[in-house]
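Here is query34.tsv, consisting of TSV, C-alpha atoms:
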chain	number	residue	atom	x	y	z
A	1	MET	CA	25.67	56.20	-40.34
A	2	TYR	CA	22.77	53.76	-39.84
A	3	VAL	CA	21.91	53.94	-43.57
A	4	TRP	CA	25.46	53.02	-44.52
A	5	ALA	CA	25.58	50.27	-41.89
A	6	ARG	CA	22.42	48.68	-43.30
A	7	LEU	CA	23.77	48.98	-46.83
A	8	ALA	CA	27.10	47.47	-45.78
A	9	ARG	CA	25.36	44.58	-44.01
A	10	MET	CA	23.32	43.89	-47.14
A	11	ALA	CA	26.43	44.00	-49.35
A	12	LEU	CA	28.43	41.74	-47.03
A	13	THR	CA	25.64	39.14	-46.92
A	14	ALA	CA	24.56	39.33	-50.60
A	15	LYS	CA	26.59	36.29	-51.63
A	16	SER	CA	24.82	34.13	-49.02
A	17	ARG	CA	21.47	34.93	-50.67
A	18	GLY	CA	22.66	33.66	-54.07
A	19	VAL	CA	22.28	35.01	-57.58
A	20	TYR	CA	19.14	37.02	-58.28
A	21	ARG	CA	17.13	35.84	-61.28
A	22	MET	CA	14.10	37.66	-62.65
A	23	GLY	CA	11.08	36.33	-60.82
A	24	ASP	CA	12.99	35.82	-57.57
A	25	GLU	CA	12.66	38.04	-54.54
A	26	SER	CA	15.10	39.86	-52.32
A	27	ARG	CA	14.17	39.47	-48.67
A	28	LEU	CA	15.98	41.63	-46.13
A	29	THR	CA	15.16	41.80	-42.43
A	30	PHE	CA	15.23	45.04	-40.48
A	31	ARG	CA	14.13	46.42	-37.14
A	32	CYS	CA	12.56	49.86	-36.68
A	33	LEU	CA	15.24	51.82	-34.82
A	34	PRO	CA	15.02	55.11	-32.90
A	35	THR	CA	16.72	56.83	-35.87
A	36	ASP	CA	13.89	55.61	-38.15
A	37	ILE	CA	10.88	57.03	-36.34
A	38	ASP	CA	8.84	60.19	-36.53
A	39	SER	CA	6.85	61.95	-33.80
A	40	ASN	CA	4.29	59.09	-33.83
A	41	PHE	CA	7.03	56.59	-32.86
A	42	HIS	CA	6.63	54.62	-36.06
A	43	LEU	CA	8.71	54.22	-39.21
A	44	ASN	CA	9.10	57.60	-40.93
A	45	ASN	CA	7.71	57.70	-44.47
A	46	ALA	CA	11.12	58.66	-45.91
A	47	ARG	CA	12.71	55.61	-44.29
A	48	TYR	CA	10.43	53.33	-46.32
A	49	MET	CA	12.01	54.72	-49.48
A	50	MET	CA	15.55	54.30	-48.14
A	51	LEU	CA	14.91	50.68	-47.17
A	52	ALA	CA	13.32	50.02	-50.57
A	53	ASP	CA	16.58	51.38	-52.05
A	54	VAL	CA	18.54	48.80	-50.06
A	55	GLY	CA	16.29	46.05	-51.45
A	56	ARG	CA	16.79	47.35	-54.98
A	57	ILE	CA	20.56	47.53	-54.58
A	58	ASP	CA	20.52	43.94	-53.29
A	59	ILE	CA	18.81	42.89	-56.53
A	60	PHE	CA	21.29	44.92	-58.61
A	61	MET	CA	24.28	43.36	-56.86
A	62	ARG	CA	23.05	39.78	-56.90
A	63	ALA	CA	21.89	39.96	-60.54
A	64	GLY	CA	25.28	41.29	-61.67
A	65	LEU	CA	23.83	44.60	-62.81
A	66	ILE	CA	26.23	46.84	-60.87
A	67	LYS	CA	29.30	45.17	-62.35
A	68	LEU	CA	27.80	45.20	-65.86
A	69	ALA	CA	26.67	48.84	-65.54
A	70	ARG	CA	30.07	50.06	-64.40
A	71	GLY	CA	31.77	48.39	-67.36
A	72	ARG	CA	29.31	49.83	-69.88
A	73	GLY	CA	28.90	53.36	-68.51
A	74	TRP	CA	25.32	52.63	-67.44
A	75	ALA	CA	23.49	53.63	-64.27
A	76	PRO	CA	20.18	52.51	-62.75
A	77	MET	CA	17.84	55.50	-62.53
A	78	MET	CA	14.63	55.75	-60.55
A	79	GLY	CA	11.73	57.19	-62.49
A	80	GLY	CA	9.20	57.43	-59.71
A	81	LEU	CA	7.34	55.59	-57.03
A	82	GLN	CA	4.03	55.24	-55.32
A	83	SER	CA	3.55	54.03	-51.79
A	84	VAL	CA	0.67	52.90	-49.66
A	85	TYR	CA	0.78	52.38	-45.90
A	86	VAL	CA	-1.50	49.70	-44.47
A	87	ARG	CA	-0.17	49.07	-40.94
A	88	GLU	CA	2.30	51.11	-38.95
A	89	ILE	CA	5.74	49.76	-38.14
A	90	ARG	CA	6.30	50.73	-34.52
A	91	LEU	CA	9.62	51.34	-32.79
A	92	TRP	CA	11.68	48.12	-32.32
A	93	ARG	CA	9.32	46.06	-34.52
A	94	LYS	CA	11.03	43.56	-36.80
A	95	PHE	CA	9.97	43.39	-40.46
A	96	ASP	CA	11.16	42.22	-43.88
A	97	VAL	CA	11.45	44.21	-47.08
A	98	VAL	CA	10.56	41.88	-49.94
A	99	SER	CA	11.72	43.38	-53.24
A	100	THR	CA	10.94	42.06	-56.71
A	101	VAL	CA	11.26	42.97	-60.35
A	102	GLU	CA	7.65	42.56	-61.42
A	103	THR	CA	7.88	43.15	-65.16
A	104	TRP	CA	9.22	45.50	-67.78
A	105	GLU	CA	8.18	47.15	-70.98
A	106	GLY	CA	10.60	48.83	-73.38
A	107	THR	CA	13.07	50.72	-71.20
A	108	GLN	CA	10.89	50.80	-68.08
A	109	VAL	CA	11.06	48.31	-65.20
A	110	ILE	CA	8.32	47.94	-62.60
A	111	GLY	CA	9.55	46.99	-59.15
A	112	ARG	CA	7.70	46.21	-55.95
A	113	HIS	CA	8.79	46.44	-52.32
A	114	ARG	CA	6.53	44.90	-49.67
A	115	PHE	CA	7.14	45.66	-46.01
A	116	VAL	CA	6.04	42.49	-44.24
A	117	PHE	CA	5.71	41.47	-40.60
A	118	GLU	CA	6.75	38.05	-39.33
A	119	ASP	CA	3.14	36.81	-39.52
A	120	GLY	CA	3.01	37.65	-43.25
A	121	GLU	CA	0.87	40.78	-42.87
A	122	THR	CA	1.81	43.61	-45.24
A	123	ALA	CA	2.56	46.92	-43.54
A	124	ALA	CA	3.30	48.93	-46.69
A	125	LEU	CA	3.79	48.57	-50.42
A	126	VAL	CA	6.05	50.66	-52.63
A	127	MET	CA	5.82	50.36	-56.41
A	128	THR	CA	8.63	51.81	-58.50
A	129	THR	CA	9.43	52.55	-62.10
A	130	ALA	CA	13.04	52.72	-63.19
A	131	GLY	CA	15.39	52.29	-66.09
A	132	ILE	CA	19.05	51.86	-66.94
A	133	TYR	CA	20.64	54.96	-68.45
A	134	ASP	CA	23.48	54.61	-70.95
A	135	PHE	CA	25.57	57.77	-70.45
A	136	ARG	CA	27.82	57.05	-73.43
A	137	ASN	CA	24.93	56.84	-75.88
A	138	ARG	CA	22.58	59.21	-74.00
A	139	ARG	CA	19.62	56.86	-73.96
A	140	PHE	CA	17.86	54.35	-71.77
A	141	VAL	CA	18.75	50.70	-72.35
A	142	PRO	CA	15.96	48.39	-73.56
A	143	ILE	CA	15.36	46.05	-70.63
A	144	ASP	CA	15.21	42.98	-72.90
A	145	ASP	CA	18.80	43.82	-73.93
A	146	LEU	CA	19.83	44.21	-70.29
A	147	VAL	CA	18.26	40.88	-69.29
A	148	ALA	CA	20.10	39.16	-72.16
A	149	GLU	CA	23.39	40.83	-71.10
A	150	LEU	CA	22.84	39.40	-67.61
A	151	GLY	CA	22.60	35.93	-69.17
A	152	GLN	CA	18.94	35.42	-68.37
A	153	ARG	CA	16.30	34.13	-70.74
A	154	ILE	CA	12.94	35.33	-69.58
A	155	GLU	CA	10.03	37.12	-71.18
A	156	PRO	CA	8.28	39.78	-69.13
A	157	ARG	CA	4.65	39.22	-68.29
A	158	PRO	CA	2.22	41.90	-69.45
A	159	PRO	CA	1.79	44.66	-66.86
A	160	SER	CA	-1.26	44.21	-64.65
A	161	GLU	CA	-4.06	46.77	-64.66
A	162	GLU	CA	-2.64	48.34	-61.47
A	163	GLU	CA	0.83	48.55	-63.03
A	164	ARG	CA	-0.55	50.17	-66.20
A	165	ILE	CA	-2.44	52.72	-64.08
A	166	PHE	CA	0.76	53.42	-62.13
A	167	MET	CA	2.80	53.85	-65.33
A	168	ALA	CA	0.17	56.21	-66.81
A	169	SER	CA	0.00	58.21	-63.58
A	170	HIS	CA	3.78	58.43	-63.51
A	171	ALA	CA	3.90	59.63	-67.14
A	172	GLY	CA	1.27	62.30	-66.40
A	173	LEU	CA	3.07	63.54	-63.31
A	174	ARG	CA	6.35	63.62	-65.24
A	175	LYS	CA	4.74	65.86	-67.89
A	176	LEU	CA	3.42	68.13	-65.16
A	177	ALA	CA	6.89	68.37	-63.57
A	178	LYS	CA	8.38	69.33	-66.93
A	179	GLY	CA	5.74	72.04	-67.40
A	180	GLU	CA	4.03	70.15	-70.23
A	181	GLY	CA	0.84	69.32	-68.34
Now that the file is in, can you turn its structure into structure tokens?
Amino acid sequence: MYVWARLARMALTAKSRGVYRMGDESRLTFRCLPTDIDSNFHLNNARYMMLADVGRIDIFMRAGLIKLARGRGWAPMMGGLQSVYVREIRLWRKFDVVSTVETWEGTQVIGRHRFVFEDGETAALVMTTAGIYDFRNRRFVPIDDLVAELGQRIEPRPPSEEERIFMASHAGLRKLAKGEG
């Protein structure tokens, strides 16, 4: 229930955060609850991924992607993620999840989710790769086309060295999962 309550709260307050434009950030505040912790009394590693999902859905809603995707038979699809934990988030601690669309290349979007304490210190970082799947045409949508459909005029910046390494690692792991590696 707590997952749905957090998702509902985000959806009900999305309008107050305004329209999401590429380059903006989604900032959502949470508190580490008893249902979020593991045996060390800190945020469970799986909960980081769930809260990153809420940040991503906030971006999708505020950018108009969900409405556009439903009308076109499209669906956002996660490709993979990598996470790093820097500081633990202890029970009852308040923190923000700051989500951004960093850049894109072809049909692949790179997203970032920073888990940040009130003093600005980063507790964790989750980097994601995703795309928009067109079920009708059985292909991924070029992100430049998607951005144009959303009425935005922005060119992606080139991926950073870390993002390129992440994308290459993801591609290698994907081959391994498919039995090609």
Legend entry - Pairwise distance for atom CA of A:Asn44 and atom CA of A:Met127, rounded to one decimal in Å: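 According to the coordinates, atom CA of A:Asn44 and atom CA of A:Met127 are separated by 17.4 Å.
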Legend entry - A:Thr35 surroundings by all atoms listed in the file, 12 Å radius, close-in-sequence under 2 positions cut, as a list of chain:residue names: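 Returned residues: A:Met1, A:Tyr2, A:Val3, A:Arg31, A:Cys32, A:Leu33, A:Ile37, A:Asp38, A:Ser39, A:Phe41, A:His42, A:Leu43, A:Asn44, A:Ala46, A:Arg47, A:Leu91, A:Trp92.
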Counting all atoms listed in the file, which residues in stretch 15-105 of chain A sit no more than 12 Å from stretch 161-168 of chain A? For each one, give the nearest pair of atoms and the distance in Å, sorted by chain then residue number, as CSV.
residue,atom,partner,partner_atom,distance
A:Gly79,CA,A:Met167,CA,9.9
A:Gly80,CA,A:Met167,CA,9.2
A:Leu81,CA,A:Phe166,CA,8.6
A:Gln82,CA,A:Phe166,CA,7.8
A:Ser83,CA,A:Phe166,CA,10.7
A:Glu102,CA,A:Glu163,CA,9.2
A:Thr103,CA,A:Glu163,CA,9.1
A:Trp104,CA,A:Glu163,CA,10.1
A:Glu105,CA,A:Met167,CA,10.3
Inset, instruction - Excluding stretch 60-62 of chain A and any residue of its chain fewer than 6 positions from it, enumerate the residues within 10 Å of it, using all atoms listed in the file, and give them as number ranges by chain. - result: A: 10-11, 14-21, 26, 54, 68-69, 76
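Between atom CA of A:Lys175 and atom CA of A:Met77 the interatomic distance comes to 17.5 Å.
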Legend entry - For A:Phe30, the nearest of the candidates A:Arg72, A:Ile57, A:Glu88, A:Val98, counting all atoms listed in the file: A:Val98
Inset, instruction - Mind giving me the straight-line distance from atom CA of A:Phe95 to atom CA of A:Asn40 in Å, one decimal? - result: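 Atom CA of A:Asn40 lies at a distance of 18.0 Å from atom CA of A:Phe95.
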Inset, instruction - Pick out the closest residue to A:Val101 from this set: A:Ser160, A:Asp144, A:Gly23, A:Asp36. Count all atoms listed in the file. - result: A:Gly23
Inset, instruction - Counting all atoms listed in the file, note down every residue that has an atom within 12 Å of the point (9.6, 39.4, -36.3) (file coordinates), as a PyMOL selection string. - result: chain A and resi 28-32+89-90+92-97+115-121
Legend entry - Which residue of A:Met78, A:Arg6, A:Gly179, A:Glu155 approaches A:Gly131 most closely, using all atoms listed in the file: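 That would be A:Met78, the residue with the smallest distance to A:Gly131.
Residue nearest A:Val147 within the list A:Thr100, A:Met22, A:Thr13, A:Phe135: A:Met22 [criterion: smallest interatomic distance, all atoms listed in the file].
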Inset, instruction - Determine, counting all atoms listed in the file, which protein, DNA and RNA residues have an atom within 8 Å of an atom of A:Met49; residues of the same chain fewer than 4 positions away are not included. Present the result as a list in words. - result: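 Skipping anything fewer than 4 positions along the chain leaves Asn45, Asp53 and Val126 of chain A.
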